[in-house]
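Chemist: This is the content of data04.csv (CSV, C-alpha atoms):
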chain,number,residue,atom,x,y,z
I,1,MET,CA,-129.4,128.9,54.1
I,2,THR,CA,-125.8,128.0,54.8
I,3,ARG,CA,-123.3,130.2,56.6
I,4,ALA,CA,-121.4,130.7,53.4
I,5,GLU,CA,-124.6,131.9,51.6
I,6,GLN,CA,-125.3,134.2,54.5
I,7,SER,CA,-121.9,135.9,54.4
I,8,ARG,CA,-121.5,136.4,50.6
I,9,PHE,CA,-121.9,139.5,48.5
I,10,THR,CA,-124.1,138.9,45.5
I,11,LEU,CA,-124.4,140.4,42.1
I,12,PRO,CA,-127.7,142.1,42.9
I,13,MET,CA,-126.1,143.7,45.9
I,14,LEU,CA,-123.2,144.9,43.7
I,15,VAL,CA,-125.6,146.4,41.1
I,16,SER,CA,-127.8,148.1,43.7
I,17,GLY,CA,-124.8,149.7,45.4
I,18,PHE,CA,-123.4,150.9,42.0
I,19,VAL,CA,-126.8,152.3,40.9
I,20,ALA,CA,-127.3,154.0,44.3
I,21,VAL,CA,-124.1,156.0,43.9
I,22,LEU,CA,-124.7,156.6,40.2
I,23,VAL,CA,-128.1,158.0,40.9
I,24,GLY,CA,-126.8,160.1,43.8
I,25,TYR,CA,-124.1,161.8,41.6
I,26,SER,CA,-126.1,162.2,38.4
I,27,SER,CA,-129.2,163.6,40.2
I,28,SER,CA,-127.4,166.2,42.4
I,29,GLY,CA,-123.9,166.6,41.1
I,30,ALA,CA,-124.8,169.7,39.0
I,31,ILE,CA,-126.6,171.2,42.0
I,32,ILE,CA,-123.6,170.8,44.2
I,33,TYR,CA,-121.3,172.2,41.6
I,34,GLN,CA,-123.5,175.3,41.3
I,35,MET,CA,-123.5,175.7,45.0
I,36,PHE,CA,-119.7,175.6,45.3
I,37,GLN,CA,-119.5,178.0,42.4
I,38,ALA,CA,-121.9,180.4,44.1
I,39,ALA,CA,-119.7,180.2,47.2
I,40,GLY,CA,-116.7,181.4,45.2
I,41,ALA,CA,-114.7,178.2,45.1
I,42,SER,CA,-112.2,177.8,42.2
I,43,PRO,CA,-112.4,174.8,39.8
I,44,ALA,CA,-109.4,173.3,41.6
I,45,GLN,CA,-111.1,173.8,45.0
I,46,ILE,CA,-114.4,172.3,43.7
I,47,GLY,CA,-112.5,169.2,42.5
I,48,GLY,CA,-110.9,168.7,45.9
I,49,TRP,CA,-114.1,169.3,47.7
I,50,LEU,CA,-116.0,166.8,45.6
I,51,SER,CA,-113.3,164.3,46.5
I,52,VAL,CA,-113.9,165.0,50.2
I,53,LEU,CA,-117.6,164.6,49.8
I,54,GLY,CA,-117.2,161.2,48.0
I,55,LEU,CA,-114.8,159.9,50.6
I,56,ALA,CA,-117.0,161.1,53.4
I,57,GLN,CA,-120.0,159.3,52.0
I,58,GLY,CA,-118.0,156.2,51.5
I,59,ILE,CA,-116.5,156.1,55.0
I,60,VAL,CA,-119.8,156.8,56.7
I,61,SER,CA,-121.8,154.3,54.6
I,62,LEU,CA,-119.2,151.6,55.2
I,63,GLY,CA,-118.8,152.3,58.9
I,64,LEU,CA,-122.4,152.7,59.9
I,65,SER,CA,-123.7,149.7,57.7
I,66,LEU,CA,-121.0,147.4,59.2
I,67,ARG,CA,-121.6,148.7,62.7
I,68,TYR,CA,-125.4,148.4,62.8
I,69,ARG,CA,-125.9,145.7,60.1
I,70,MET,CA,-128.5,147.7,58.3
I,71,PRO,CA,-128.4,149.5,54.9
I,72,VAL,CA,-127.4,152.9,56.3
I,73,LEU,CA,-126.3,154.9,53.2
I,74,ALA,CA,-124.8,158.4,53.6
I,75,ALA,CA,-125.7,161.3,51.3
I,76,TRP,CA,-125.3,165.0,50.9
I,77,SER,CA,-128.3,167.3,51.4
I,78,THR,CA,-129.5,168.0,47.9
I,79,PRO,CA,-132.3,170.4,49.1
I,80,GLY,CA,-129.7,172.0,51.3
I,81,ALA,CA,-127.3,172.4,48.4
I,82,ALA,CA,-130.2,174.0,46.4
I,83,LEU,CA,-130.8,176.5,49.2
I,84,LEU,CA,-127.1,177.4,49.4
I,85,ALA,CA,-126.8,177.8,45.6
I,86,THR,CA,-129.4,180.5,45.7
I,87,SER,CA,-128.2,182.1,48.9
I,88,PHE,CA,-124.4,182.4,48.5
I,89,HIS,CA,-124.3,185.2,46.0
I,90,GLY,CA,-122.4,188.1,47.6
I,91,VAL,CA,-121.1,185.8,50.4
I,92,THR,CA,-117.3,185.2,50.7
I,93,LEU,CA,-115.9,181.7,50.6
I,94,ASN,CA,-114.8,182.0,54.2
I,95,GLU,CA,-118.4,183.0,55.2
I,96,ALA,CA,-119.7,180.0,53.2
I,97,VAL,CA,-117.5,177.7,55.2
I,98,GLY,CA,-118.7,179.4,58.4
I,99,VAL,CA,-122.2,178.4,57.4
I,100,PHE,CA,-121.1,174.8,56.9
I,101,VAL,CA,-119.5,174.7,60.3
I,102,PHE,CA,-122.5,176.4,62.1
I,103,ALA,CA,-125.2,174.1,60.5
I,104,ASN,CA,-123.2,170.9,61.1
I,105,LEU,CA,-122.5,171.9,64.7
I,106,LEU,CA,-126.3,172.3,65.2
I,107,ILE,CA,-126.8,168.8,63.8
I,108,VAL,CA,-124.2,167.4,66.1
I,109,VAL,CA,-126.0,169.1,69.1
I,110,CYS,CA,-129.3,167.6,68.0
I,111,GLY,CA,-127.8,164.1,67.7
I,112,VAL,CA,-125.9,164.2,71.0
I,113,THR,CA,-128.8,165.7,73.0
I,114,GLY,CA,-131.6,163.8,71.2
I,115,LEU,CA,-133.4,167.1,70.4
I,116,PHE,CA,-134.0,166.2,66.7
I,117,ALA,CA,-137.6,165.1,66.9
I,118,ARG,CA,-138.5,167.7,69.5
I,119,LEU,CA,-137.0,170.5,67.5
I,120,MET,CA,-138.8,169.6,64.3
I,121,ASN,CA,-142.1,169.4,66.2
I,122,HIS,CA,-141.9,173.1,67.0
I,123,ILE,CA,-142.0,174.0,63.3
I,124,PRO,CA,-145.0,172.8,61.4
I,125,ALA,CA,-143.9,170.4,58.6
I,126,SER,CA,-146.0,172.4,56.1
I,127,LEU,CA,-143.9,175.5,56.7
I,128,ALA,CA,-140.6,173.7,56.3
I,129,ALA,CA,-142.0,172.2,53.1
I,130,ALA,CA,-143.2,175.5,51.8
I,131,MET,CA,-139.8,177.1,52.5
I,132,LEU,CA,-138.1,174.4,50.6
I,133,ALA,CA,-140.6,174.7,47.7
I,134,GLY,CA,-139.9,178.5,47.5
I,135,ILE,CA,-136.2,177.8,47.2
I,136,LEU,CA,-136.6,175.1,44.6
I,137,LEU,CA,-139.1,177.1,42.5
I,138,ARG,CA,-136.2,179.2,41.1
I,139,PHE,CA,-134.5,176.1,39.8
I,140,GLY,CA,-137.6,174.9,38.1
I,141,LEU,CA,-138.3,178.3,36.5
I,142,GLN,CA,-134.7,178.5,35.3
I,143,THR,CA,-135.0,175.2,33.5
I,144,PHE,CA,-137.7,176.5,31.2
I,145,ALA,CA,-136.4,180.0,31.0
I,146,ASP,CA,-133.3,178.5,29.4
I,147,LEU,CA,-135.4,177.4,26.4
I,148,GLN,CA,-134.9,180.9,25.0
I,149,ASN,CA,-131.1,180.6,25.3
I,150,ASN,CA,-130.7,177.2,23.7
I,151,VAL,CA,-134.0,175.7,22.7
I,152,VAL,CA,-132.4,172.6,21.1
I,153,LEU,CA,-130.2,171.6,24.1
I,154,CYS,CA,-132.8,172.5,26.8
I,155,GLY,CA,-135.7,171.1,24.8
I,156,SER,CA,-133.9,167.9,24.1
I,157,MET,CA,-133.2,167.4,27.7
I,158,CYS,CA,-136.8,168.1,28.8
I,159,LEU,CA,-138.1,165.6,26.2
I,160,ALA,CA,-135.5,163.0,27.3
I,161,TRP,CA,-136.6,163.5,30.9
I,162,LEU,CA,-140.3,163.1,30.1
I,163,LEU,CA,-139.7,159.9,28.1
I,164,ALA,CA,-137.4,158.4,30.7
I,165,ARG,CA,-139.8,159.3,33.5
I,166,ARG,CA,-142.4,157.3,31.7
I,167,TRP,CA,-140.3,154.1,31.1
I,168,LEU,CA,-137.1,154.4,33.0
I,169,ALA,CA,-138.0,156.5,36.1
I,170,ARG,CA,-135.1,155.5,38.2
I,171,TYR,CA,-132.6,156.5,35.5
I,172,ALA,CA,-134.4,159.6,34.3
I,173,ILE,CA,-131.7,162.1,35.3
I,174,LEU,CA,-128.9,159.9,34.0
I,175,VAL,CA,-130.6,159.6,30.6
I,176,THR,CA,-131.2,163.4,30.6
I,177,LEU,CA,-127.5,164.0,31.4
I,178,MET,CA,-126.4,161.7,28.6
I,179,VAL,CA,-128.8,163.3,26.0
I,180,GLY,CA,-127.6,166.8,27.2
I,181,ILE,CA,-124.0,165.8,26.7
I,182,ALA,CA,-124.7,164.3,23.3
I,183,VAL,CA,-126.5,167.5,22.1
I,184,ALA,CA,-123.8,169.7,23.6
I,185,LEU,CA,-121.1,167.7,21.8
I,186,ALA,CA,-123.0,168.1,18.5
I,187,GLN,CA,-123.1,171.9,19.1
I,188,HIS,CA,-119.4,172.0,20.0
I,189,ALA,CA,-120.5,173.6,23.3
I,190,ILE,CA,-118.2,171.6,25.6
I,191,HIS,CA,-114.9,173.2,26.4
I,192,PHE,CA,-112.4,171.7,28.7
I,193,PRO,CA,-110.0,174.1,30.4
I,194,PRO,CA,-106.2,173.8,29.7
I,195,GLN,CA,-105.5,172.5,33.2
I,196,SER,CA,-108.3,169.9,33.0
I,197,MET,CA,-106.2,166.9,34.0
I,198,MET,CA,-104.6,168.6,37.0
I,199,LEU,CA,-105.7,166.9,40.2
I,200,ALA,CA,-105.8,169.1,43.4
I,201,LEU,CA,-105.7,168.0,47.0
I,202,PRO,CA,-108.4,169.7,49.1
I,203,GLU,CA,-107.1,172.7,51.1
I,204,PRO,CA,-108.8,173.9,54.3
I,205,VAL,CA,-110.6,177.3,54.2
I,206,MET,CA,-110.8,179.2,57.5
I,207,PRO,CA,-114.4,179.8,58.4
I,208,HIS,CA,-115.7,183.3,59.0
I,209,PHE,CA,-118.9,183.9,61.0
I,210,THR,CA,-121.3,186.8,60.6
I,211,LEU,CA,-124.7,187.1,62.2
I,212,THR,CA,-126.5,187.8,58.8
I,213,THR,CA,-125.1,184.7,57.1
I,214,LEU,CA,-125.7,182.4,60.1
I,215,LEU,CA,-129.3,183.6,60.5
I,216,GLY,CA,-130.2,184.1,56.9
I,217,ILE,CA,-128.5,181.1,55.5
I,218,GLY,CA,-127.2,178.8,58.3
I,219,VAL,CA,-130.5,178.4,60.2
I,220,PRO,CA,-132.7,177.7,57.1
I,221,TYR,CA,-130.0,175.4,55.7
I,222,PHE,CA,-130.0,173.5,59.0
I,223,LEU,CA,-133.8,173.2,59.0
I,224,VAL,CA,-134.0,172.1,55.4
I,225,THR,CA,-131.3,169.5,55.9
I,226,MET,CA,-133.0,168.0,58.9
I,227,ALA,CA,-136.5,168.2,57.6
I,228,SER,CA,-135.9,167.3,54.0
I,229,GLN,CA,-132.9,164.9,54.1
I,230,ASN,CA,-132.3,163.4,57.6
I,231,ALA,CA,-135.9,162.9,58.5
I,232,PRO,CA,-136.8,161.1,55.2
I,233,GLY,CA,-133.7,159.1,55.6
I,234,ILE,CA,-134.7,157.8,59.0
I,235,ALA,CA,-138.3,157.3,57.8
I,236,THR,CA,-137.0,155.2,54.8
I,237,LEU,CA,-135.2,152.9,57.1
I,238,GLN,CA,-138.2,152.6,59.4
I,239,ALA,CA,-140.5,152.0,56.5
I,240,HIS,CA,-138.4,149.0,55.5
I,241,GLY,CA,-138.7,147.4,58.9
I,242,TYR,CA,-135.4,148.6,60.4
I,243,ARG,CA,-135.1,150.3,63.8
I,244,PRO,CA,-132.2,152.7,63.3
I,245,PRO,CA,-130.5,154.4,66.4
I,246,VAL,CA,-131.6,158.0,65.4
I,247,SER,CA,-129.4,160.0,67.8
I,248,SER,CA,-126.4,157.9,67.0
I,249,LEU,CA,-126.8,158.3,63.2
I,250,MET,CA,-127.3,162.1,63.6
I,251,SER,CA,-124.2,162.3,65.8
I,252,TRP,CA,-121.9,160.3,63.5
I,253,THR,CA,-123.0,162.0,60.3
I,254,GLY,CA,-122.9,165.5,61.9
I,255,VAL,CA,-119.5,165.0,63.4
I,256,THR,CA,-118.1,163.8,60.1
I,257,ALA,CA,-119.5,166.8,58.3
I,258,LEU,CA,-118.3,169.2,61.0
I,259,LEU,CA,-114.7,167.9,60.8
I,260,LEU,CA,-114.7,168.1,57.0
I,261,SER,CA,-116.5,171.5,56.8
I,262,PRO,CA,-113.3,173.5,56.1
I,263,PHE,CA,-112.6,171.1,53.3
I,264,GLY,CA,-116.0,171.6,51.6
I,265,GLY,CA,-117.8,168.9,53.5
I,266,PHE,CA,-121.0,170.9,53.6
I,267,SER,CA,-123.2,168.0,54.4
I,268,VAL,CA,-123.2,164.3,55.4
I,269,CYS,CA,-126.7,163.0,56.0
I,270,VAL,CA,-128.7,159.8,56.1
I,271,ALA,CA,-129.8,159.0,52.5
I,272,ALA,CA,-133.4,158.3,51.6
I,273,ILE,CA,-133.9,157.8,47.9
I,274,THR,CA,-130.6,156.3,47.1
I,275,ALA,CA,-130.7,154.2,50.3
I,276,ALA,CA,-134.1,152.8,49.2
I,277,ILE,CA,-132.3,151.3,46.2
I,278,CYS,CA,-130.3,149.2,48.6
I,279,MET,CA,-133.4,148.1,50.5
I,280,SER,CA,-135.6,146.5,47.8
I,281,ASP,CA,-136.5,142.9,47.6
I,282,GLU,CA,-134.3,142.6,44.5
I,283,VAL,CA,-131.2,143.2,46.6
I,284,ASP,CA,-131.8,140.1,48.8
I,285,ALA,CA,-134.9,138.2,50.0
I,286,ASN,CA,-133.7,138.5,53.5
I,287,PRO,CA,-133.8,142.2,54.8
I,288,GLN,CA,-131.1,141.3,57.3
I,289,GLN,CA,-128.6,140.8,54.5
I,290,ARG,CA,-129.3,144.0,52.5
I,291,TRP,CA,-126.8,146.0,54.5
I,292,ARG,CA,-124.1,144.5,52.3
I,293,ALA,CA,-125.5,146.5,49.3
I,294,ALA,CA,-124.9,149.7,51.3
I,295,VAL,CA,-121.3,148.5,52.1
I,296,LEU,CA,-120.7,148.1,48.4
I,297,ALA,CA,-122.2,151.5,47.7
I,298,GLY,CA,-119.7,152.9,50.3
I,299,VAL,CA,-116.9,151.3,48.2
I,300,PHE,CA,-118.2,152.9,45.1
I,301,TYR,CA,-118.4,156.3,46.9
I,302,LEU,CA,-114.7,155.9,47.8
I,303,LEU,CA,-113.9,155.3,44.2
I,304,ALA,CA,-116.0,158.3,43.1
I,305,GLY,CA,-114.2,160.4,45.8
I,306,ALA,CA,-110.9,159.6,44.3
I,307,SER,CA,-112.2,160.9,41.0
I,308,GLY,CA,-113.7,164.1,42.4
I,309,ALA,CA,-111.4,166.4,40.4
I,310,LEU,CA,-112.4,164.7,37.2
I,311,ILE,CA,-116.1,165.1,38.0
I,312,ALA,CA,-115.5,168.8,38.6
I,313,VAL,CA,-113.6,169.2,35.3
I,314,LEU,CA,-116.6,167.6,33.5
I,315,PHE,CA,-119.1,170.0,35.0
I,316,SER,CA,-116.8,173.0,34.4
I,317,ALA,CA,-116.6,172.0,30.7
I,318,LEU,CA,-120.4,171.7,30.2
I,319,PRO,CA,-122.4,174.7,29.1
I,320,ALA,CA,-124.3,176.6,31.8
I,321,VAL,CA,-127.7,175.8,30.2
I,322,LEU,CA,-127.0,172.1,30.5
I,323,ILE,CA,-126.2,172.3,34.2
I,324,GLU,CA,-129.1,174.6,35.0
I,325,ALA,CA,-131.6,172.4,33.1
I,326,LEU,CA,-130.2,169.2,34.7
I,327,ALA,CA,-130.4,170.7,38.2
I,328,GLY,CA,-134.0,172.0,37.6
I,329,LEU,CA,-135.2,168.7,36.2
I,330,ALA,CA,-133.5,166.7,39.0
I,331,LEU,CA,-135.4,168.8,41.6
I,332,LEU,CA,-138.9,168.6,40.0
I,333,ALA,CA,-139.9,165.6,42.1
I,334,THR,CA,-138.7,167.3,45.3
I,335,LEU,CA,-140.5,170.5,44.4
I,336,ALA,CA,-143.7,168.6,43.8
I,337,GLY,CA,-143.4,166.7,47.0
I,338,SER,CA,-142.7,169.9,48.9
I,339,LEU,CA,-145.7,171.7,47.5
I,340,HIS,CA,-147.9,168.7,48.3
I,341,ARG,CA,-146.8,168.6,51.9
I,342,ALA,CA,-147.1,172.4,52.2
I,343,LEU,CA,-150.7,172.4,51.1
I,344,ASP,CA,-151.8,169.1,52.5
I,345,VAL,CA,-153.3,170.4,55.8
I,346,PRO,CA,-156.2,172.8,55.0
I,347,ALA,CA,-155.8,174.7,58.3
I,348,GLU,CA,-152.1,175.5,57.5
I,349,ARG,CA,-152.4,176.4,53.8
I,350,ASP,CA,-152.5,180.2,54.3
I,351,SER,CA,-149.4,180.3,56.5
I,352,ALA,CA,-147.7,177.8,54.2
I,353,LEU,CA,-148.5,179.9,51.1
I,354,ILE,CA,-147.1,183.0,52.8
I,355,THR,CA,-143.9,181.1,53.6
I,356,PHE,CA,-143.7,179.9,50.0
I,357,LEU,CA,-144.3,183.4,48.5
I,358,ILE,CA,-141.9,185.2,50.7
I,359,THR,CA,-139.2,182.7,50.1
I,360,ALA,CA,-139.8,182.6,46.3
I,361,SER,CA,-139.8,186.4,46.1
I,362,GLY,CA,-136.1,186.6,46.9
I,363,VAL,CA,-136.6,189.4,49.3
I,364,SER,CA,-133.6,190.3,51.5
I,365,LEU,CA,-134.0,192.4,54.7
I,366,LEU,CA,-131.2,193.6,57.0
I,367,GLY,CA,-128.8,191.5,54.9
I,368,ILE,CA,-130.7,188.3,55.7
I,369,GLY,CA,-131.9,186.1,52.9
I,370,PRO,CA,-135.5,185.1,51.9
I,371,ALA,CA,-135.5,181.6,53.3
I,372,PHE,CA,-135.3,183.0,56.8
I,373,TRP,CA,-137.9,185.7,56.3
I,374,GLY,CA,-140.2,183.2,54.6
I,375,LEU,CA,-140.0,180.9,57.7
I,376,ILE,CA,-140.5,183.9,60.1
I,377,GLY,CA,-143.5,185.2,58.1
I,378,GLY,CA,-145.0,181.7,57.9
I,379,VAL,CA,-144.6,181.1,61.7
I,380,ILE,CA,-146.2,184.5,62.5
I,381,ALA,CA,-149.1,183.8,60.2
I,382,HIS,CA,-149.5,180.3,61.6
I,383,LEU,CA,-149.6,181.5,65.2
I,384,VAL,CA,-152.1,184.2,64.4
I,385,LEU,CA,-154.4,181.9,62.4
I,386,VAL,CA,-154.2,179.0,64.8
I,387,HIS,CA,-155.0,181.3,67.7
I,388,LYS,CA,-158.0,182.7,65.6
I,389,THR,CA,-159.4,179.2,65.0
I,390,THR,CA,-159.1,178.0,68.7
Would it be possible to restate this file's structure as structure tokens?
Modeler:
Amino acid sequence: MTRAEQSRFTLPMLVSGFVAVLVGYSSSGAIIYQMFQAAGASPAQIGGWLSVLGLAQGIVSLGLSLRYRMPVLAAWSTPGAALLATSFHGVTLNEAVGVFVFANLLIVVCGVTGLFARLMNHIPASLAAAMLAGILLRFGLQTFADLQNNVVLCGSMCLAWLLARRWLARYAILVTLMVGIAVALAQHAIHFPPQSMMLALPEPVMPHFTLTTLLGIGVPYFLVTMASQNAPGIATLQAHGYRPPVSSLMSWTGVTALLLSPFGGFSVCVAAITAAICMSDEVDANPQQRWRAAVLAGVFYLLAGASGALIAVLFSALPAVLIEALAGLALLATLAGSLHRALDVPAERDSALITFLITASGVSLLGIGPAFWGLIGGVIAHLVLVHKTT
């Protein structure tokens, strides 16, 4: 292979980078929009915040891929966004930003000190998975509960998802979104606001910290992000033969998210599913050249970031049923994987099931949400049952 061939960007790299960003937005855009809505952000703020997220993913993907010459793609924490979307009701926007700052600061500490692996070893993976499954269950249930509100729209999306999962699995959520929009247009259910074309620059929001939100939302969000986004992201790189500098990646992504937290940068993580798109053999026969696909994905993220306000306008115009169904269907695979990991170890099934049920119950004690209590209940059950069997 000549030097020119080694240094060029190819069409497969371009396509892979574009698909990675398209899948990232189509599979979790609705979830992030719901999360920002639950936090109390206005449509203009959501547009600015989506721009910040896109720019952040682009800068990090470009910088880290160029720096380490491996396909390091940035992403937001979709499981984390799902947790926040169900936890932010009754929380002020300033408190929500306080949660962003707190969780991202913990990630930076883990990266700088190298505590990531050791920290996760103290919490059984089955319990973390069970907590996440309990959070995601509400999204899955809402998808099918919406059938009674609009059976044609929701039913069409479910059918489209099933057929796409059978023959176009990678694009299932994109196909579902397109079908949902087509049906909603036919029902005249899409309504753009009068100020739909107004673009807004992101404005900072002063964080406010309360013990209940930090314990009840911040700690579970941090654990879910690390266990369900960063850990799989690192594992995906390793599974493809790369040796990523774990602490360095945690530090750079954490610092970026921390600096952007007041501007809606709730999460900047190491991508797993979308990154895998840039690591396949179709990208390039030489694994050492596949980082270029991640660089191109970074460019597309920058372009998407510049269109953040328009993305927010689209989601604000769509009917709630469409957004809820899309979010629930996008999270079905994550829910299934979480349930599998939660129940995979026979000795830990009881404690994992307790974690799952408490979290899914929605119970709130002392002003602290169910994710925290689910984890606490599961850890107590785990300690008692492990002690009993030893």
Chemist: May I ask which of the residues I:Val112, I:Leu153, I:Val205, I:Ala75 is the closest one to I:His188, counting all atoms listed in the file?
Modeler: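 Distance minimum relative to I:His188 lands on I:Leu153.
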Chemist: Between I:Leu73, I:Ala20, I:Ala271, I:Leu132, which residue has the minimum interatomic distance to I:Arg341, considering all atoms listed in the file?
Modeler: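 Of all the options, I:Leu132 lies closest to I:Arg341.
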Chemist: For a test of reading the model, state the distance in Å between atom CA of I:Gly48 and atom CA of I:Val108, rounded to one decimal.
Modeler: 24.2 Å
Chemist: Select, from I:Leu343, I:Leu375, I:Leu127, I:Met70, the residue with the minimum atom-to-atom distance to I:Gly241, counting all atoms listed in the file.
Modeler: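 Using all atoms listed in the file, I:Gly241 sits closest to I:Met70.
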Chemist: Excluding same-chain residues fewer than 5 positions from I:Val21, what lies within 7 Å of it counting only C-alpha atoms, as a list of chain:residue names?
Modeler: I:Ala297, I:Phe300, I:Tyr301
Chemist: Mind pulling up the distance from atom CA of I:Ala336 to atom CA of I:Cys154?
Modeler: 20.6 Å
